[in-house]
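Asks: One structure, as structure tokens, below. Some questions next.
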Amino acid sequence: MASKVETIKELRELTSAGVNDCKKALEEACGDKEKALDILRRKGLDIAEKKAGRITSEGRIESYVHPGSKLGVLVEVDCESDFVARNEEFIRFTKDIAMQIAASSPTYIDFESIPKEKKEKIKDEQIFRQQHCLLDQPFIKEPSKSVKDYLVSIIAKIRENIVIRRFCRFRVGEE
């Protein structure tokens, strides 16, 4: 059986939550790691919901050019402060999102950004979301998570609102 310290370390690696948050969640779950994970995920969602209305006027434009220079992506990811825009974790997130867009070719950021007339033509919403909506796609580096789950975990860790504002994907020969 894993010690409490090892379990806290494991929870931290899985969720990117702080040591104290992991310790409190583990205590609340009476030592049950799975329950503690659920508690930490709910807490992350709560933090993201509270931050959602805050203005994001800083951020960065990230680029990704695939080897061979036939595919490229520009993505704007916004945050609340220039301090966070220079944060290593935030920069890693923007690079991951640019690679995600290059690899999975989404059309929209989320389902809400799809025009009404296009939504009416969708036959299977779940499949459409996973194929065309960035936030609903499985994250390429960890397919058990969606891109939205990854975004929420970063918001919870950094404790600022973060918004994927817009993106453009270029492929030589495509219109």
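Following the order of the structure tokens, first chain is A, next is B, and so on, with residues numbered from 1 inside each chain and ligands from 1 in the order they appear.
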Tell me which protein, DNA and RNA residues are within 12 Å of Arg165 in chain A, counting only C-alpha atoms, leaving out same-chain ones fewer than 2 positions away, and put them as a list in words.
Replies: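 Residues near the query, excluding close chain neighbours: Thr56, Ser57, Glu58, Gly59, Arg60, Ile61, Glu62, Leu74, Val75, Glu76, Val77, Asp78, Cys79, Thr94, Ile97, Tyr108, Ile109, Asp110, Ser113, Leu134, Leu135, Asn161, Ile162, Val163, Phe167 and Cys168 of chain A.
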Asks: The selected residues should be written to file as a short mmCIF file (atom, residue, chain, number, x, y, z; two decimals), in the first residue's frame (atoms: N, CA, C and O atoms).
Replies:
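Dumped everything to part_21.cif:
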data_model
loop_
_atom_site.label_atom_id
_atom_site.label_comp_id
_atom_site.auth_asym_id
_atom_site.auth_seq_id
_atom_site.Cartn_x
_atom_site.Cartn_y
_atom_site.Cartn_z
N THR A 56 -9.67 38.85 -20.22
CA THR A 56 -8.37 38.33 -20.64
C THR A 56 -7.82 39.25 -21.72
O THR A 56 -8.15 39.11 -22.90
N SER A 57 -7.00 40.20 -21.32
CA SER A 57 -6.47 41.18 -22.28
C SER A 57 -4.97 41.01 -22.52
O SER A 57 -4.36 41.81 -23.21
N GLU A 58 -4.39 40.00 -21.95
CA GLU A 58 -2.97 39.67 -22.20
C GLU A 58 -2.92 38.29 -22.83
O GLU A 58 -3.95 37.66 -23.04
N GLY A 59 -1.75 37.79 -23.09
CA GLY A 59 -1.63 36.46 -23.65
C GLY A 59 -0.50 36.38 -24.65
O GLY A 59 0.44 37.18 -24.61
N ARG A 60 -0.61 35.42 -25.58
CA ARG A 60 0.43 35.28 -26.58
C ARG A 60 -0.11 34.62 -27.84
O ARG A 60 -1.10 33.91 -27.79
N ILE A 61 0.56 34.89 -28.92
CA ILE A 61 0.29 34.24 -30.19
C ILE A 61 1.36 33.15 -30.31
O ILE A 61 2.55 33.45 -30.22
N GLU A 62 0.92 31.93 -30.47
CA GLU A 62 1.85 30.81 -30.61
C GLU A 62 1.81 30.31 -32.04
O GLU A 62 0.75 30.30 -32.66
N LEU A 74 -1.25 29.17 -36.32
CA LEU A 74 -1.15 30.34 -35.44
C LEU A 74 -2.35 30.26 -34.50
O LEU A 74 -3.47 30.01 -34.95
N VAL A 75 -2.11 30.44 -33.22
CA VAL A 75 -3.20 30.41 -32.24
C VAL A 75 -3.00 31.54 -31.23
O VAL A 75 -1.87 31.80 -30.81
N GLU A 76 -4.09 32.22 -30.89
CA GLU A 76 -4.06 33.25 -29.87
C GLU A 76 -4.67 32.68 -28.60
O GLU A 76 -5.82 32.22 -28.61
N VAL A 77 -3.89 32.68 -27.53
CA VAL A 77 -4.37 32.22 -26.22
C VAL A 77 -4.22 33.39 -25.26
O VAL A 77 -3.12 33.93 -25.10
N ASP A 78 -5.32 33.80 -24.66
CA ASP A 78 -5.32 34.98 -23.79
C ASP A 78 -5.40 34.60 -22.32
O ASP A 78 -5.95 33.56 -21.96
N CYS A 79 -4.86 35.49 -21.49
CA CYS A 79 -4.90 35.34 -20.04
C CYS A 79 -5.11 36.73 -19.44
O CYS A 79 -5.25 37.71 -20.16
N THR A 94 0.27 26.82 -24.57
CA THR A 94 0.04 27.40 -25.89
C THR A 94 0.71 26.57 -26.98
O THR A 94 0.14 26.38 -28.06
N ILE A 97 -1.40 23.47 -27.54
CA ILE A 97 -2.62 23.78 -28.28
C ILE A 97 -2.31 23.97 -29.76
O ILE A 97 -3.07 23.48 -30.63
N TYR A 108 -13.66 24.66 -35.34
CA TYR A 108 -14.18 25.64 -34.38
C TYR A 108 -13.51 25.44 -33.03
O TYR A 108 -13.00 24.37 -32.72
N ILE A 109 -13.56 26.48 -32.20
CA ILE A 109 -13.01 26.36 -30.85
C ILE A 109 -13.94 25.52 -29.99
O ILE A 109 -13.51 24.61 -29.29
N ASP A 110 -15.24 25.82 -30.04
CA ASP A 110 -16.22 25.07 -29.26
C ASP A 110 -17.54 25.00 -30.02
O ASP A 110 -17.71 25.65 -31.06
N SER A 113 -19.57 28.27 -30.84
CA SER A 113 -19.10 29.19 -31.88
C SER A 113 -19.54 28.78 -33.29
O SER A 113 -19.23 29.46 -34.26
N LEU A 134 -12.39 22.08 -31.15
CA LEU A 134 -11.11 21.94 -30.46
C LEU A 134 -11.26 21.51 -29.01
O LEU A 134 -10.62 20.56 -28.57
N LEU A 135 -12.11 22.19 -28.25
CA LEU A 135 -12.22 21.89 -26.82
C LEU A 135 -12.80 20.51 -26.52
O LEU A 135 -12.56 19.96 -25.45
N ASN A 161 -8.01 33.29 -15.52
CA ASN A 161 -8.83 32.89 -16.65
C ASN A 161 -7.95 32.78 -17.89
O ASN A 161 -7.10 33.65 -18.13
N ILE A 162 -8.12 31.74 -18.65
CA ILE A 162 -7.36 31.53 -19.89
C ILE A 162 -8.38 31.18 -20.97
O ILE A 162 -9.27 30.36 -20.75
N VAL A 163 -8.24 31.83 -22.12
CA VAL A 163 -9.18 31.64 -23.22
C VAL A 163 -8.42 31.39 -24.51
O VAL A 163 -7.50 32.14 -24.85
N PHE A 167 -7.78 30.74 -33.88
CA PHE A 167 -6.66 30.03 -34.50
C PHE A 167 -6.84 29.99 -36.01
O PHE A 167 -7.94 30.18 -36.53
N CYS A 168 -5.73 29.72 -36.67
CA CYS A 168 -5.74 29.55 -38.12
C CYS A 168 -4.76 28.44 -38.46
O CYS A 168 -3.62 28.44 -37.97
#
Asks: Taking a cut-off of 10 Å and counting only C-alpha atoms, can you build a table that, for each residue of range 36-101 of chain A near range 137-142 of chain A, reports the nearest atom pair and how far apart they are in Å (one decimal), sorted by chain then residue number, as CSV?
Replies:
residue,atom,partner,partner_atom,distance
A:Asp96,CA,A:Lys141,CA,8.3
A:Ile97,CA,A:Phe139,CA,8.8
A:Met99,CA,A:Ile140,CA,8.4
A:Gln100,CA,A:Ile140,CA,6.2
A:Ile101,CA,A:Ile140,CA,9.6
Asks: Please report, as an MDAnalysis selection string, each residue of chain A to which DSSP assigns strand (DSSP E or B) when run on this structure's backbone.
Replies: chainID A and resid 58:65 71:79 108 133 138:139 142:146 163:171
Asks: Could you check the closest approach to Asp32 in chain A for each of A:Val65, A:Ala103, A:Ile8, A:Ile164 and tell me which residue wins, using only C-alpha atoms?
Replies: A:Ile8
Asks: Can you list, as a PyMOL selection string, all residues belonging to chain A that DSSP tags as helix (DSSP H, G or I)?
Replies: chain A and resi 4-15+19-28+33-51+82-85+88-104+111-113+116-119+125-132+134-136+147-158
Asks: To one decimal place, how far is CA of Asp136 in chain A from CA of Gly18 in chain A in Å?
Replies: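 Separating CA of Asp136 in chain A from CA of Gly18 in chain A is a distance of 26.0 Å.
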Asks: Just checking: using only C-alpha atoms, which residue out of A:Ile158, A:Ile122, A:Val5, A:Ile127 ends up closest to Asn20 in chain A?
Replies: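 So, comparing all the options, the nearest one is A:Val5.
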Asks: Using only C-alpha atoms, which of the listed residues (A:Leu151, A:Lys4, A:Glu117, A:Ile91) sits closest to Cys30 in chain A?
Replies: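 Checking each of A:Leu151, A:Lys4, A:Glu117, A:Ile91 against Cys30 in chain A, counting only C-alpha atoms, the winner is A:Lys4.
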